[in-house]
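**Q** Got a file for you: entry_9.cif, mmCIF, C-alpha atoms.
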data_work
#
loop_
_atom_site.label_atom_id
_atom_site.label_comp_id
_atom_site.auth_asym_id
_atom_site.auth_seq_id
_atom_site.Cartn_x
_atom_site.Cartn_y
_atom_site.Cartn_z
CA MET A 1 -23.83 -16.01 11.22
CA ASN A 2 -22.03 -17.21 8.13
CA LEU A 3 -23.52 -20.34 6.53
CA THR A 4 -21.27 -20.38 3.47
CA LEU A 5 -18.25 -22.63 3.19
CA ASP A 6 -16.01 -19.85 1.93
CA ALA A 7 -13.13 -19.08 4.25
CA PRO A 8 -14.03 -15.88 6.09
CA GLU A 9 -11.94 -12.88 5.18
CA ILE A 10 -9.25 -11.42 7.35
CA ALA A 11 -9.32 -7.63 7.51
CA ASP A 12 -6.17 -5.71 6.74
CA LEU A 13 -4.33 -4.37 9.77
CA THR A 14 -3.51 -0.67 9.68
CA ILE A 15 -0.77 0.70 11.91
CA GLY A 16 -0.10 4.37 11.33
CA PRO A 17 0.66 4.84 7.63
CA CYS A 18 1.24 1.13 6.99
CA THR A 19 -1.45 -1.36 6.02
CA LEU A 20 -0.65 -5.05 6.38
CA THR A 21 -2.48 -7.90 4.68
CA SER A 22 -1.05 -10.41 7.16
CA ARG A 23 -1.21 -10.29 10.92
CA LEU A 24 1.98 -12.21 11.39
CA ILE A 25 5.13 -10.08 11.47
CA ALA A 26 8.27 -12.17 11.23
CA GLY A 27 11.83 -11.39 12.18
CA THR A 28 14.74 -12.00 9.84
CA GLY A 29 17.34 -12.90 12.48
CA LYS A 30 18.90 -16.16 13.63
CA TYR A 31 18.34 -18.17 10.45
CA ALA A 32 20.93 -20.73 9.45
CA ASP A 33 21.17 -19.07 6.04
CA HIS A 34 19.44 -16.48 3.87
CA GLU A 35 17.72 -19.09 1.70
CA THR A 36 15.98 -20.66 4.70
CA MET A 37 14.88 -17.24 5.87
CA GLN A 38 13.50 -16.40 2.45
CA ALA A 39 11.50 -19.62 2.28
CA ALA A 40 10.24 -19.26 5.86
CA LEU A 41 9.06 -15.68 5.30
CA ALA A 42 7.18 -16.82 2.21
CA ALA A 43 5.63 -19.73 4.14
CA ALA A 44 4.62 -17.39 6.97
CA ASP A 45 2.99 -15.18 4.31
CA CYS A 46 3.87 -12.10 6.30
CA SER A 47 3.71 -8.66 4.73
CA ALA A 48 6.02 -6.96 7.22
CA VAL A 49 9.39 -8.21 8.44
CA THR A 50 11.69 -6.83 11.10
CA VAL A 51 15.36 -6.08 10.58
CA ALA A 52 18.16 -4.73 12.76
CA VAL A 53 20.58 -1.86 12.16
CA ARG A 54 24.23 -2.81 12.60
CA ARG A 55 27.68 -1.68 11.67
CA GLU A 56 28.45 -2.28 8.03
CA ARG A 57 29.89 -5.68 7.28
CA LEU A 58 27.68 -5.69 4.25
CA LEU A 59 28.56 -9.01 2.80
CA ASP A 60 28.17 -12.52 4.19
CA GLU A 61 30.77 -15.23 3.67
CA GLN A 62 29.50 -15.74 0.12
CA GLY A 63 29.49 -12.01 -0.56
CA ARG A 64 25.75 -11.47 -0.14
CA SER A 65 23.70 -9.10 1.96
CA LEU A 66 20.35 -9.59 3.71
CA LEU A 67 18.76 -7.14 1.31
CA ASP A 68 19.53 -9.45 -1.64
CA PHE A 69 17.07 -11.89 -0.09
CA LEU A 70 14.23 -9.54 0.83
CA ASP A 71 11.73 -8.61 -1.87
CA LEU A 72 11.29 -4.93 -1.05
CA ASP A 73 8.16 -4.72 -3.20
CA ARG A 74 6.57 -7.47 -1.16
CA TYR A 75 7.68 -6.72 2.38
CA THR A 76 7.32 -3.60 4.45
CA ILE A 77 10.56 -3.49 6.38
CA LEU A 78 10.20 -2.74 10.09
CA PRO A 79 13.58 -1.63 11.45
CA ASN A 80 14.14 -2.24 15.14
CA THR A 81 16.29 -0.62 17.80
CA ALA A 82 17.34 -3.97 19.26
CA GLY A 83 20.50 -3.81 21.31
CA CYS A 84 19.83 -0.29 22.59
CA PHE A 85 19.96 0.22 26.35
CA ASN A 86 19.14 3.91 26.55
CA ALA A 87 16.79 6.33 24.84
CA GLU A 88 19.51 8.30 23.09
CA ASP A 89 20.96 5.24 21.33
CA ALA A 90 17.49 4.02 20.37
CA VAL A 91 16.71 7.38 18.75
CA ARG A 92 20.04 7.31 16.87
CA VAL A 93 19.40 3.81 15.57
CA ALA A 94 15.82 4.66 14.57
CA ARG A 95 17.04 7.62 12.54
CA LEU A 96 19.72 5.53 10.83
CA GLY A 97 17.12 2.88 9.95
CA ARG A 98 14.79 5.51 8.53
CA ASP A 99 17.56 6.95 6.39
CA LEU A 100 18.32 3.48 4.99
CA LEU A 101 14.70 2.72 4.17
CA GLU A 102 14.24 6.13 2.54
CA GLN A 103 17.11 5.22 0.21
CA LEU A 104 15.43 1.89 -0.53
CA ASP A 105 12.08 3.66 -1.05
CA ASN A 106 10.40 1.15 1.25
CA PRO A 107 7.24 2.12 3.15
CA GLY A 108 8.97 0.97 6.34
CA GLN A 109 10.77 4.34 6.38
CA HIS A 110 7.84 5.73 8.33
CA TRP A 111 7.92 3.40 11.30
CA VAL A 112 10.19 1.78 13.85
CA LYS A 113 9.99 -1.06 16.32
CA LEU A 114 11.23 0.63 19.46
CA GLU A 115 13.15 -1.46 21.96
CA VAL A 116 15.00 0.04 24.89
CA LEU A 117 16.32 -2.84 26.93
CA GLY A 118 17.36 -3.14 30.56
CA ASP A 119 20.16 -5.65 30.29
CA ARG A 120 21.46 -8.28 27.90
CA THR A 121 20.55 -11.27 30.08
CA THR A 122 16.82 -10.73 30.47
CA LEU A 123 16.34 -8.44 27.45
CA LEU A 124 13.43 -7.02 29.40
CA PRO A 125 12.41 -3.51 28.39
CA ASP A 126 13.54 -0.50 30.40
CA PRO A 127 10.23 1.30 30.90
CA VAL A 128 11.74 4.71 31.67
CA GLY A 129 14.04 4.69 28.64
CA THR A 130 11.27 3.28 26.47
CA LEU A 131 8.91 6.14 27.30
CA GLU A 132 11.61 8.74 26.83
CA ALA A 133 12.59 7.39 23.41
CA CYS A 134 8.97 6.93 22.39
CA ARG A 135 8.17 10.59 23.04
CA GLU A 136 11.21 11.80 21.16
CA LEU A 137 10.59 9.57 18.15
CA VAL A 138 6.92 10.58 17.96
CA THR A 139 8.00 14.23 18.02
CA ASP A 140 10.42 13.42 15.21
CA GLY A 141 7.56 12.08 13.07
CA PHE A 142 8.05 8.35 13.57
CA CYS A 143 5.22 5.86 13.69
CA VAL A 144 6.38 4.01 16.81
CA LEU A 145 5.56 0.35 17.41
CA CYS A 146 6.64 0.00 20.98
CA TYR A 147 7.99 -3.16 22.56
CA THR A 148 7.14 -3.37 26.25
CA SER A 149 6.55 -5.82 29.06
CA ASP A 150 3.06 -7.16 29.77
CA ASP A 151 2.41 -4.41 32.35
CA PRO A 152 -1.06 -3.01 31.59
CA ILE A 153 -0.43 0.46 33.01
CA MET A 154 2.82 0.79 31.08
CA ALA A 155 0.88 -0.11 27.93
CA THR A 156 -1.43 2.86 28.47
CA ARG A 157 1.51 5.16 29.20
CA ILE A 158 3.10 4.15 25.89
CA ARG A 159 -0.14 4.78 24.04
CA ASP A 160 -0.45 8.16 25.75
CA ALA A 161 3.12 8.98 24.70
CA GLY A 162 1.92 8.75 21.10
CA ALA A 163 2.95 5.26 20.04
CA ALA A 164 0.99 3.93 17.07
CA CYS A 165 0.97 0.42 18.47
CA VAL A 166 1.76 -1.24 21.79
CA MET A 167 3.61 -4.53 21.59
CA PRO A 168 3.73 -6.38 24.92
CA ALA A 169 6.02 -9.38 25.23
CA GLY A 170 4.32 -12.71 25.78
CA SER A 171 7.49 -13.75 27.62
CA PRO A 172 11.17 -12.80 27.31
CA ILE A 173 12.63 -12.45 23.81
CA GLY A 174 13.65 -15.78 22.35
CA SER A 175 12.53 -17.70 25.47
CA GLY A 176 9.83 -19.74 23.76
CA ARG A 177 7.76 -19.60 26.94
CA GLY A 178 4.66 -18.35 25.13
CA ILE A 179 2.13 -16.11 26.83
CA ALA A 180 3.42 -16.18 30.40
CA ASN A 181 0.59 -14.11 31.86
CA PRO A 182 -2.58 -14.30 29.73
CA PRO A 183 -4.68 -12.18 32.12
CA ALA A 184 -2.16 -9.34 31.76
CA ILE A 185 -2.56 -9.39 27.96
CA HIS A 186 -6.33 -9.52 28.48
CA ILE A 187 -6.19 -6.44 30.72
CA ILE A 188 -3.93 -4.60 28.25
CA HIS A 189 -6.48 -5.39 25.56
CA GLN A 190 -9.27 -3.95 27.70
CA LEU A 191 -7.41 -0.78 28.63
CA LEU A 192 -6.33 -0.07 25.06
CA LYS A 193 -9.50 -1.01 23.24
CA ASP A 194 -12.55 -0.76 25.50
CA PRO A 195 -14.21 2.65 25.04
CA ALA A 196 -15.63 2.35 28.56
CA GLN A 197 -12.02 2.36 29.81
CA GLY A 198 -10.85 5.16 27.56
CA GLY A 199 -9.75 2.78 24.83
CA ASP A 200 -10.19 2.69 21.08
CA PRO A 201 -11.24 -0.62 19.45
CA ASP A 202 -9.05 0.23 16.45
CA TYR A 203 -5.90 0.89 18.48
CA PRO A 204 -3.49 -1.87 17.42
CA LEU A 205 -2.13 -4.38 19.93
CA ILE A 206 0.56 -6.81 18.84
CA VAL A 207 2.02 -9.55 21.00
CA ASP A 208 5.76 -9.50 20.48
CA ALA A 209 8.35 -11.93 21.80
CA GLY A 210 8.42 -15.25 23.59
CA VAL A 211 6.35 -17.16 21.05
CA GLY A 212 7.49 -20.76 20.84
CA THR A 213 4.69 -22.68 19.21
CA PRO A 214 1.72 -22.19 16.88
CA GLY A 215 -0.47 -22.59 19.98
CA ASP A 216 1.14 -19.47 21.46
CA VAL A 217 0.25 -17.50 18.34
CA THR A 218 -3.32 -18.73 18.47
CA GLN A 219 -3.60 -17.89 22.15
CA ALA A 220 -2.32 -14.37 21.56
CA MET A 221 -4.84 -13.83 18.80
CA GLU A 222 -7.64 -15.33 20.90
CA LEU A 223 -6.74 -12.89 23.66
CA GLY A 224 -7.58 -10.16 21.19
CA ALA A 225 -4.19 -9.22 19.75
CA ASP A 226 -4.35 -7.71 16.28
CA GLY A 227 -1.18 -9.48 15.31
CA VAL A 228 1.84 -11.40 16.51
CA LEU A 229 5.50 -10.60 15.98
CA LEU A 230 7.92 -13.50 16.25
CA ASN A 231 11.35 -14.59 15.12
CA THR A 232 13.12 -17.31 17.10
CA GLY A 233 10.09 -19.61 17.20
CA ILE A 234 10.40 -20.00 13.44
CA ALA A 235 14.10 -19.40 12.83
CA HIS A 236 15.34 -21.89 15.42
CA ALA A 237 12.74 -24.61 14.83
CA ASP A 238 14.22 -27.82 13.44
CA ASP A 239 12.19 -27.22 10.28
CA PRO A 240 11.77 -23.44 10.04
CA VAL A 241 9.76 -23.46 6.81
CA ARG A 242 7.24 -25.97 8.10
CA MET A 243 6.99 -24.08 11.39
CA ALA A 244 6.37 -20.87 9.44
CA HIS A 245 3.42 -22.54 7.71
CA ALA A 246 2.13 -23.65 11.10
CA MET A 247 2.50 -20.16 12.59
CA ARG A 248 0.58 -18.66 9.65
CA LEU A 249 -2.27 -21.14 10.10
CA ALA A 250 -2.25 -20.58 13.86
CA CYS A 251 -2.60 -16.85 13.37
CA VAL A 252 -5.59 -17.36 11.08
CA ALA A 253 -7.11 -19.81 13.55
CA GLY A 254 -6.77 -17.40 16.45
CA TYR A 255 -8.09 -14.48 14.42
CA HIS A 256 -11.28 -16.28 13.50
CA GLY A 257 -11.59 -17.90 16.92
CA ALA A 258 -11.48 -14.51 18.61
CA ARG A 259 -14.33 -13.30 16.42
CA SER A 260 -16.58 -16.33 16.67
CA GLY A 261 -17.74 -16.02 20.29
CA ARG A 262 -16.28 -18.86 22.29
CA ILE A 263 -18.45 -20.92 24.63
CA PRO A 264 -18.32 -20.09 28.32
CA ARG A 265 -16.11 -22.29 30.47
CA ARG A 266 -18.13 -24.69 32.64
CA LEU A 267 -17.08 -26.73 35.63
CA HIS A 268 -19.13 -29.75 34.58
CA ALA A 269 -19.88 -31.47 31.30
CA SER A 270 -22.65 -30.65 28.85
CA ALA A 271 -23.63 -33.65 26.73
CA SER A 272 -23.48 -33.20 22.96
CA SER A 273 -25.80 -36.19 22.29
CA PRO A 274 -29.46 -35.96 23.40
CA TRP A 275 -30.65 -37.54 26.65
CA GLU A 276 -34.05 -38.11 25.09
CA GLY A 277 -34.51 -41.62 23.66
CA ILE A 278 -31.59 -43.10 25.57
CA ILE A 279 -31.85 -46.91 26.01
CA SER A 280 -29.09 -47.36 28.57
CA VAL A 281 -29.12 -47.26 32.38
CA ILE A 282 -27.96 -43.94 33.82
CA PRO A 283 -26.14 -44.36 37.17
CA GLY A 284 -28.17 -42.93 40.03
CA GLU A 285 -31.40 -42.58 38.04
CA MET B 1 42.84 12.19 7.78
CA GLN B 2 42.53 10.18 10.97
CA LEU B 3 38.99 8.96 11.55
CA THR B 4 37.35 6.38 13.76
CA VAL B 5 35.17 4.29 11.45
CA ASN B 6 32.93 1.69 13.06
CA GLY B 7 35.10 1.64 16.13
CA GLU B 8 38.40 1.29 14.28
CA SER B 9 41.00 3.97 13.79
CA ARG B 10 41.53 4.56 10.04
CA ASP B 11 43.79 6.85 8.06
CA LEU B 12 41.73 7.84 5.02
CA LYS B 13 42.24 10.25 2.14
CA GLY B 14 38.61 11.20 1.58
CA GLU B 15 37.48 14.63 2.73
CA THR B 16 33.73 14.10 2.46
CA ILE B 17 31.54 11.24 3.54
CA GLY B 18 30.94 10.47 -0.13
CA THR B 19 34.63 10.08 -0.91
CA VAL B 20 35.28 8.09 2.27
CA LEU B 21 32.50 5.66 1.36
CA ALA B 22 34.03 5.26 -2.10
CA GLU B 23 37.44 4.68 -0.54
CA LEU B 24 35.94 1.92 1.61
CA GLY B 25 34.18 0.39 -1.41
CA LEU B 26 30.77 1.26 0.02
CA ASP B 27 29.64 3.94 -2.42
CA ASN B 28 26.97 1.69 -3.92
CA ALA B 29 26.07 -0.14 -0.74
CA PRO B 30 22.82 0.51 1.08
CA CYS B 31 24.05 2.16 4.25
CA ALA B 32 23.38 5.00 6.63
CA VAL B 33 26.02 7.21 8.18
CA GLU B 34 26.37 9.18 11.34
CA VAL B 35 29.22 11.45 12.33
CA ASN B 36 29.84 12.14 16.01
CA ARG B 37 26.52 10.48 16.87
CA MET B 38 24.47 12.64 14.51
CA LEU B 39 22.81 11.21 11.40
CA VAL B 40 24.04 12.59 8.10
CA PRO B 41 21.17 11.98 5.67
CA ALA B 42 22.12 10.21 2.44
CA ARG B 43 21.36 13.29 0.36
CA GLU B 44 23.96 15.32 2.27
CA ARG B 45 26.82 12.85 2.01
CA GLU B 46 28.58 14.29 -1.00
CA GLU B 47 28.90 17.76 0.48
CA ARG B 48 29.42 16.85 4.11
CA ARG B 49 33.09 17.36 4.94
CA LEU B 50 34.86 15.43 7.64
CA THR B 51 37.48 16.71 10.03
CA ASP B 52 40.36 14.96 11.73
CA GLY B 53 39.21 12.90 14.72
CA ASP B 54 35.61 12.51 13.58
CA VAL B 55 33.87 9.38 14.77
CA VAL B 56 31.97 7.82 11.88
CA GLU B 57 29.46 5.00 12.04
CA ILE B 58 28.42 3.28 8.82
CA VAL B 59 25.50 0.92 9.30
CA THR B 60 23.29 -1.31 7.22
CA LEU B 61 20.33 -3.62 7.71
CA VAL B 62 20.91 -7.14 9.01
CA GLY B 63 18.65 -9.95 10.14
CA GLY B 64 16.87 -9.14 13.39
CA GLY B 65 13.69 -9.67 15.35
#
Is it possible to express this structure as structure tokens?

**A**
Amino acid sequence: MNLTLDAPEIADLTIGPCTLTSRLIAGTGKYADHETMQAALAAADCSAVTVAVRRERLLDEQGRSLLDFLDLDRYTILPNTAGCFNAEDAVRVARLGRDLLEQLDNPGQHWVKLEVLGDRTTLLPDPVGTLEACRELVTDGFCVLCYTSDDPIMATRIRDAGAACVMPAGSPIGSGRGIANPPAIHIIHQLLKDPAQGGDPDYPLIVDAGVGTPGDVTQAMELGADGVLLNTGIAHADDPVRMAHAMRLACVAGYHGARSGRIPRRLHASASSPWEGIISVIPGE
Amino acid sequence: MQLTVNGESRDLKGETIGTVLAELGLDNAPCAVEVNRMLVPAREREERRLTDGDVVEIVTLVGGG
């Protein structure tokens, strides 16, 4: 037990070749402008940020590119395969992203956030395409962080396919519905991390997608996630920078909460003040 | 040379990826290139020759989640 008042430390999170000092990974999409994104990323204090690979338009209306607003010495860039609906396209996009990050000499060149989606309405992952792409990218030397649904068995299949990290969705991308099925995340945590179930306590689990509030981040961390990846919950908040601060604090809260040994749930109350020495009348006694 | 660049038909003079990028004003831009759905690594751009009808994708990094 820690009796000092110093804030307890948060261990670095290692995923494949990348070591992160923050357990919040933030997306760079959907911001009203680059300046807001830049401030929100700083407020979130993340060390890795996701980006997408798209056809060159290069310059925004004012003639500026996203890369002008990302400090590449500060952030490890995690390129995604968002918008891919089959394994072949996801592998193409991953390779293009790697080539870009090699040119930028960013450590993100070694990894990819793999998404193979089923359709553009639900944005739910296609499990067959996801596994196929995961295997091919692992063979090609990628450190694969794999987006998936909250299906526990699928999570183990992705791990077995060689992914460096499994990233179940809390709820659909951008839905803000939080952790729709907490027991599923709990079971994924057990299967991936419990040695008695063939797991490895150091195997990273990140909850990705659906986060709407700081409470969702805390819940994910309390369920044992090693980190949380989010975008819309910050970018589309009325005050994105303030929400980014809140998400950072929520992540810290959940991290420490998960490691402090919560009390068991009880049906009935347990008084915090002593019964001994009471001067009042207790009903029924 | 007739190429399809990012989904649009273009008549370009360049014979290599390097010269085509310069022609498009992208020679100093951070981008990645694939030809006929195969990545052409940045280090091979200058030498890699294009042929009529090639389908070229030039991509960069944008905001995403």

**Q** List, as a PDB file with C-alpha atoms, in the coordinates of the input, every residue that the PyMOL selection byres ((chain A) within 6 of (chain B)) selects in the file provided.

**A**
ATOM      1  CA  GLY A  27      11.830 -11.390  12.180  1.00  0.00           C
ATOM      2  CA  THR A  28      14.740 -12.000   9.840  1.00  0.00           C
ATOM      3  CA  GLY A  29      17.340 -12.900  12.480  1.00  0.00           C
ATOM      4  CA  THR A  50      11.690  -6.830  11.100  1.00  0.00           C
ATOM      5  CA  VAL A  51      15.360  -6.080  10.580  1.00  0.00           C
ATOM      6  CA  ALA A  52      18.160  -4.730  12.760  1.00  0.00           C
ATOM      7  CA  VAL A  53      20.580  -1.860  12.160  1.00  0.00           C
ATOM      8  CA  ARG A  54      24.230  -2.810  12.600  1.00  0.00           C
ATOM      9  CA  ARG A  55      27.680  -1.680  11.670  1.00  0.00           C
ATOM     10  CA  GLU A  56      28.450  -2.280   8.030  1.00  0.00           C
ATOM     11  CA  LEU A  66      20.350  -9.590   3.710  1.00  0.00           C
ATOM     12  CA  LEU A  96      19.720   5.530  10.830  1.00  0.00           C
ATOM     13  CA  LEU A 100      18.320   3.480   4.990  1.00  0.00           C
ATOM     14  CA  ASN A 231      11.350 -14.590  15.120  1.00  0.00           C
TER      15      ASN A 231
END

**Q** Check the smallest atom-to-atom distance from each of A:Gly254, A:Pro125, A:Gly227, A:Gly141 to A:Thr21 using only C-alpha atoms, then report the winner.

**A** A:Gly227

**Q** Around the point (36.9, 13.9, 11.0), in the coordinates given by the file, pick out the residues reaching within 7 Å, counting only C-alpha atoms, and return them as a count of residues only.

**A** 9

**Q** What gap, in Å, lies between atom CA of A:Asp200 and atom CA of A:Ser22?

**A**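 Computing the Euclidean distance for atom CA of A:Asp200 and atom CA of A:Ser22 yields 21.2 Å.
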
**Q** Restricting the calculation to only C-alpha atoms: of A:Asp150, A:Asp45, A:Asp89, A:Asp105, which residue gets closest to A:Leu20?

**A** A:Asp45

**Q** Run the PyMOL selection byres ((chain A and resi 75) around 7) against the file shown and list the residues it catches, as a count of residues only.

**A** 9

**Q** Rounded to one decimal place, report the atom CA of A:His186-atom CA of A:Ile15 distance in Å.

**A**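 It comes out at 20.2 Å.
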
**Q** Please evaluate the PyMOL selection byres ((chain A and resi 148) around 10) against the structure above and give the resulting residues as a list in words.

**A**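 Written out, the selection comes to Leu114, Glu115, Val116, Leu117, Leu124, Pro125, Asp126, Pro127, Thr130, Leu131, Leu145, Cys146, Tyr147, Ser149, Asp150, Asp151, Pro152, Met154, Ala155, Ile158, Val166, Met167, Pro168, Ala169, Gly170, Val207, Asp208 and Ala209 of chain A.
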
**Q** For the residues in the current selection, export C-alpha atoms as a PDB file, keeping the file's coordinate frame.

**A**
ATOM      1  CA  LEU A 114      11.230   0.630  19.460  1.00  0.00           C
ATOM      2  CA  GLU A 115      13.150  -1.460  21.960  1.00  0.00           C
ATOM      3  CA  VAL A 116      15.000   0.040  24.890  1.00  0.00           C
ATOM      4  CA  LEU A 117      16.320  -2.840  26.930  1.00  0.00           C
ATOM      5  CA  LEU A 124      13.430  -7.020  29.400  1.00  0.00           C
ATOM      6  CA  PRO A 125      12.410  -3.510  28.390  1.00  0.00           C
ATOM      7  CA  ASP A 126      13.540  -0.500  30.400  1.00  0.00           C
ATOM      8  CA  PRO A 127      10.230   1.300  30.900  1.00  0.00           C
ATOM      9  CA  THR A 130      11.270   3.280  26.470  1.00  0.00           C
ATOM     10  CA  LEU A 131       8.910   6.140  27.300  1.00  0.00           C
ATOM     11  CA  LEU A 145       5.560   0.350  17.410  1.00  0.00           C
ATOM     12  CA  CYS A 146       6.640   0.000  20.980  1.00  0.00           C
ATOM     13  CA  TYR A 147       7.990  -3.160  22.560  1.00  0.00           C
ATOM     14  CA  SER A 149       6.550  -5.820  29.060  1.00  0.00           C
ATOM     15  CA  ASP A 150       3.060  -7.160  29.770  1.00  0.00           C
ATOM     16  CA  ASP A 151       2.410  -4.410  32.350  1.00  0.00           C
ATOM     17  CA  PRO A 152      -1.060  -3.010  31.590  1.00  0.00           C
ATOM     18  CA  MET A 154       2.820   0.790  31.080  1.00  0.00           C
ATOM     19  CA  ALA A 155       0.880  -0.110  27.930  1.00  0.00           C
ATOM     20  CA  ILE A 158       3.100   4.150  25.890  1.00  0.00           C
ATOM     21  CA  VAL A 166       1.760  -1.240  21.790  1.00  0.00           C
ATOM     22  CA  MET A 167       3.610  -4.530  21.590  1.00  0.00           C
ATOM     23  CA  PRO A 168       3.730  -6.380  24.920  1.00  0.00           C
ATOM     24  CA  ALA A 169       6.020  -9.380  25.230  1.00  0.00           C
ATOM     25  CA  GLY A 170       4.320 -12.710  25.780  1.00  0.00           C
ATOM     26  CA  VAL A 207       2.020  -9.550  21.000  1.00  0.00           C
ATOM     27  CA  ASP A 208       5.760  -9.500  20.480  1.00  0.00           C
ATOM     28  CA  ALA A 209       8.350 -11.930  21.800  1.00  0.00           C
TER      29      ALA A 209
END

**Q** Point out the residue among B:Glu46, B:Thr4, B:Arg10, B:Val35 with the least atom-to-atom distance to B:Ala22, counting all atoms listed in the file.

**A**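 Looking at the shortest contact to B:Ala22, the residue is B:Glu46.
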
**Q** So the first atom is atom CA of B:Asn28 and the second is atom CA of A:Arg64; what is the distance between them in Å, to one decimal place?

**A** 13.7 Å

**Q** Would you mind listing what lies within 10 Å of A:Val241 as a PyMOL selection string, with all atoms listed in the file counted and same-chain residues fewer than 5 positions away left out?

**A** chain A and resi 36-44+234-235+246-247

**Q** Enumerate, as an MDAnalysis selection string, the protein, DNA and RNA residues whose atoms approach (34.2, 20.4, 5.0) to within 10 Å, taking into account all atoms listed in the file and the coordinate frame of the file.

**A** chainID B and resid 15:17 47:51

**Q** For A:Asp226, please output as a PyMOL selection string all residues within 8 Å (counting all atoms listed in the file; exclusion window: fewer than 4 positions along the same chain).

**A** chain A and resi 13+23+204-206+221+255

**Q** Given the choices A:Gly198, A:Pro79, A:Gly224, A:Pro264, which gets closest to A:Cys143 if the distance is worked out from all atoms listed in the file?

**A**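 Nearest candidate to A:Cys143 out of A:Gly198, A:Pro79, A:Gly224, A:Pro264: A:Pro79.
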
**Q** Go through A:His245, A:Arg262, A:His34, A:Lys113 and flag the residue nearest A:Ala164, using only C-alpha atoms for the distances.

**A**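 Among the listed residues, A:Lys113 lies closest to A:Ala164.
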
**Q** Show which residues sit within 9 Å of A:Pro17, as a list in words. Count only C-alpha atoms, and ignore same-chain residues fewer than 2 positions away.

**A**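 In the requested format, the answer is Thr14, Ile15, Thr19, Pro107, His110, Trp111 and Cys143 of chain A.
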